[in-house]
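Student: What follows is a single structure, and I will ask about it in a moment.
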Amino acid sequence: MAKPLALIRALLFPKRCVYCGKVVGFAPSCRCAPQRQRCRLDGTEAMLVGAVPGLAGGVACYRYEDPVRRGIHRLKFGGARQFASFYGEEMADKLQKTLPGLCPDAVIPIPSTRKERRERGYDIPHLLAQRIAGRLAIPLWDDILVKERETMRQHDLPLAERRGNLVGAFGIRDADRLRGKTVLLCDDVTTSGATLTQAAKTLKAGGAAQVWAVVFARTMPR
């Protein structure tokens, strides 16, 4: 009985690629898997040390290129909320394999703007951080780092304007809890590094001993 039920479930709710959204497991299928392998970051390319001022270190899973970029766009702008769970799992795996000695006291998501939350109906960094915190069995602190003022979306700005857009944008709540802690920032993508830089500076000014970061994808420096 279990096999017929599984077949019916697969037909009614087919598994879909978490990058392009096409049904997988049946012909014709998508070709994202081999393309995704070419985007995978390993070794020094995966490390955020030196690329983002203020960080003690960090890792990225992929280059921000298709099909990874296509999947993130579907998550950001296509309502594919379910992708966040899979991406968060990959981020947790990357942390455990690349930085096995890292034991942060908490995971802190980059705060989304009110406009982003309203338009999407969900908060992407928060969803990613939830999954990572669950996998690593560490607390999720989603109330420590806050947006003090609304900013333009970094995605909409040229690189030269992104750092200025975030100056003074972040603030700290409950600094006593943060003092002396090692925390892990979480975001979906880093391009210029401006968001992670300002968030890390704010957390360290609030008393954090070390700030690390994990992102799903990064734009590689030319």
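Labels for the structure tokens follow display order: chains A, B, ..., residues from 1 in each chain, ligands from 1.
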From a backbone DSSP assignment, name each residue in segment 61-108 of chain A labelled helix (DSSP H, G or I), as a list of chain:residue names.

Tutor: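 Answer for segment 61-108 of chain A, restricted to helix (DSSP H, G or I): A:Val68, A:Arg69, A:Arg70, A:Gly71, A:Ile72, A:His73, A:Arg74, A:Leu75, A:Lys76, A:Phe77, A:Phe83, A:Ala84, A:Ser85, A:Phe86, A:Tyr87, A:Gly88, A:Glu89, A:Glu90, A:Met91, A:Ala92, A:Asp93, A:Lys94, A:Leu95, A:Gln96, A:Lys97, A:Thr98.
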
Student: Those same residues, written as a PDB file, in the first residue's frame with C-alpha atoms?

Tutor:
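Once everything was written out, this is again13.pdb:
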```pdb
ATOM      1  CA  VAL A  68      22.323  29.528  -8.291  1.00  0.00           C
ATOM      2  CA  ARG A  69      21.472  33.129  -9.182  1.00  0.00           C
ATOM      3  CA  ARG A  70      18.267  31.946 -10.865  1.00  0.00           C
ATOM      4  CA  GLY A  71      17.249  30.037  -7.742  1.00  0.00           C
ATOM      5  CA  ILE A  72      17.904  33.006  -5.467  1.00  0.00           C
ATOM      6  CA  HIS A  73      15.869  35.246  -7.763  1.00  0.00           C
ATOM      7  CA  ARG A  74      12.976  32.805  -7.508  1.00  0.00           C
ATOM      8  CA  LEU A  75      13.316  32.868  -3.716  1.00  0.00           C
ATOM      9  CA  LYS A  76      13.522  36.666  -3.613  1.00  0.00           C
ATOM     10  CA  PHE A  77      11.079  37.676  -6.316  1.00  0.00           C
ATOM     11  CA  PHE A  83      13.736  27.054  -1.394  1.00  0.00           C
ATOM     12  CA  ALA A  84      14.990  28.681   1.818  1.00  0.00           C
ATOM     13  CA  SER A  85      14.867  25.408   3.743  1.00  0.00           C
ATOM     14  CA  PHE A  86      17.117  23.632   1.232  1.00  0.00           C
ATOM     15  CA  TYR A  87      19.522  26.569   0.961  1.00  0.00           C
ATOM     16  CA  GLY A  88      19.791  26.799   4.753  1.00  0.00           C
ATOM     17  CA  GLU A  89      20.676  23.103   4.918  1.00  0.00           C
ATOM     18  CA  GLU A  90      23.461  23.616   2.394  1.00  0.00           C
ATOM     19  CA  MET A  91      24.795  26.581   4.369  1.00  0.00           C
ATOM     20  CA  ALA A  92      24.871  24.537   7.577  1.00  0.00           C
ATOM     21  CA  ASP A  93      26.678  21.706   5.780  1.00  0.00           C
ATOM     22  CA  LYS A  94      29.237  24.144   4.391  1.00  0.00           C
ATOM     23  CA  LEU A  95      29.931  25.556   7.841  1.00  0.00           C
ATOM     24  CA  GLN A  96      30.384  22.146   9.405  1.00  0.00           C
ATOM     25  CA  LYS A  97      32.735  20.948   6.673  1.00  0.00           C
ATOM     26  CA  THR A  98      34.746  24.158   6.175  1.00  0.00           C
TER      27      THR A  98
END
```

Student: If you run DSSP on the backbone here, which positions in segment 33-72 of chain A get strand (DSSP E or B)? Please write them as a VMD selection string.

Tutor: chain A and resid 40 47 57 to 63

Student: For a quick check of understanding, using only C-alpha atoms, which of A:Tyr62, A:Ala209, A:Leu185, A:Pro67 has the smallest distance to Cys30 of chain A?

Tutor: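 The answer is A:Pro67, which sits nearest to Cys30 of chain A.
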
Student: Do you know which residues are at most 10 Å from Ala205 of chain A counting only C-alpha atoms, after dropping those on the same chain fewer than 3 positions away, and could you put them as a list in words?

Tutor: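 Answer for this query is Gly171, Ile172, Ala175, Arg179, Ala199, Ala200, Lys201, Thr202, Ala208 and Ala209 of chain A.
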
Student: Generate a file of the selected residues that holds N, CA and C atoms, formatted as a tab-separated table (two decimals), in the first residue's frame.

Tutor:
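Contents of result.tsv, as written:
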```tsv
chain	number	residue	atom	x	y	z
A	171	GLY	N	21.11	48.85	14.25
A	171	GLY	CA	21.24	49.15	15.67
A	171	GLY	C	21.20	47.87	16.48
A	172	ILE	N	21.46	47.98	17.78
A	172	ILE	CA	21.53	46.83	18.67
A	172	ILE	C	20.45	46.94	19.75
A	175	ALA	N	22.11	44.75	24.38
A	175	ALA	CA	23.56	44.62	24.22
A	175	ALA	C	24.19	43.76	25.31
A	179	ARG	N	27.30	40.96	24.67
A	179	ARG	CA	28.66	41.28	25.12
A	179	ARG	C	29.52	40.02	25.30
A	199	ALA	N	26.87	45.44	9.31
A	199	ALA	CA	26.27	44.63	10.38
A	199	ALA	C	27.34	44.16	11.37
A	200	ALA	N	28.50	43.73	10.85
A	200	ALA	CA	29.58	43.28	11.73
A	200	ALA	C	30.10	44.42	12.60
A	201	LYS	N	30.27	45.60	12.01
A	201	LYS	CA	30.73	46.75	12.77
A	201	LYS	C	29.74	47.10	13.90
A	202	THR	N	28.46	47.02	13.58
A	202	THR	CA	27.43	47.34	14.58
A	202	THR	C	27.45	46.33	15.72
A	208	ALA	N	30.02	42.43	20.79
A	208	ALA	CA	30.37	41.09	20.33
A	208	ALA	C	31.88	40.91	20.27
A	209	ALA	N	32.37	39.76	20.69
A	209	ALA	CA	33.80	39.50	20.66
A	209	ALA	C	34.26	39.17	19.25
```

Student: Would you work out the distance separating atom CA of Gln82 of chain A from atom CA of Thr219 of chain A, expressed in Å to one decimal?

Tutor: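 So the answer is 23.4 Å.
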
Student: Please identify all polymer residues within 7 Å of segment 180-183 of chain A, counting only C-alpha atoms, omitting same-chain residues fewer than 2 positions from it, and present them as a PyMOL selection string.

Tutor: chain A and resi 104-108+178+185+207-212

Student: Generate a file of the selected residues that holds C-alpha atoms, formatted as a tab-separated table (two decimals), in the first residue's frame.

Tutor:
```
chain	number	residue	atom	x	y	z
A	104	PRO	CA	29.15	30.44	17.69
A	105	ASP	CA	26.91	31.39	20.57
A	106	ALA	CA	24.06	32.34	18.26
A	107	VAL	CA	22.97	32.87	14.66
A	108	ILE	CA	21.88	36.41	13.75
A	178	LEU	CA	25.64	40.23	23.06
A	185	LEU	CA	25.71	36.50	10.66
A	207	GLY	CA	30.01	44.22	22.47
A	208	ALA	CA	30.37	41.09	20.33
A	209	ALA	CA	33.80	39.50	20.66
A	210	GLN	CA	33.82	37.96	17.18
A	211	VAL	CA	31.53	38.12	14.17
A	212	TRP	CA	31.54	35.37	11.55
```

Student: Quick one: distance from atom CA of Leu203 of chain A to atom CA of Gly54 of chain A in Å, one decimal?

Tutor: 9.5 Å
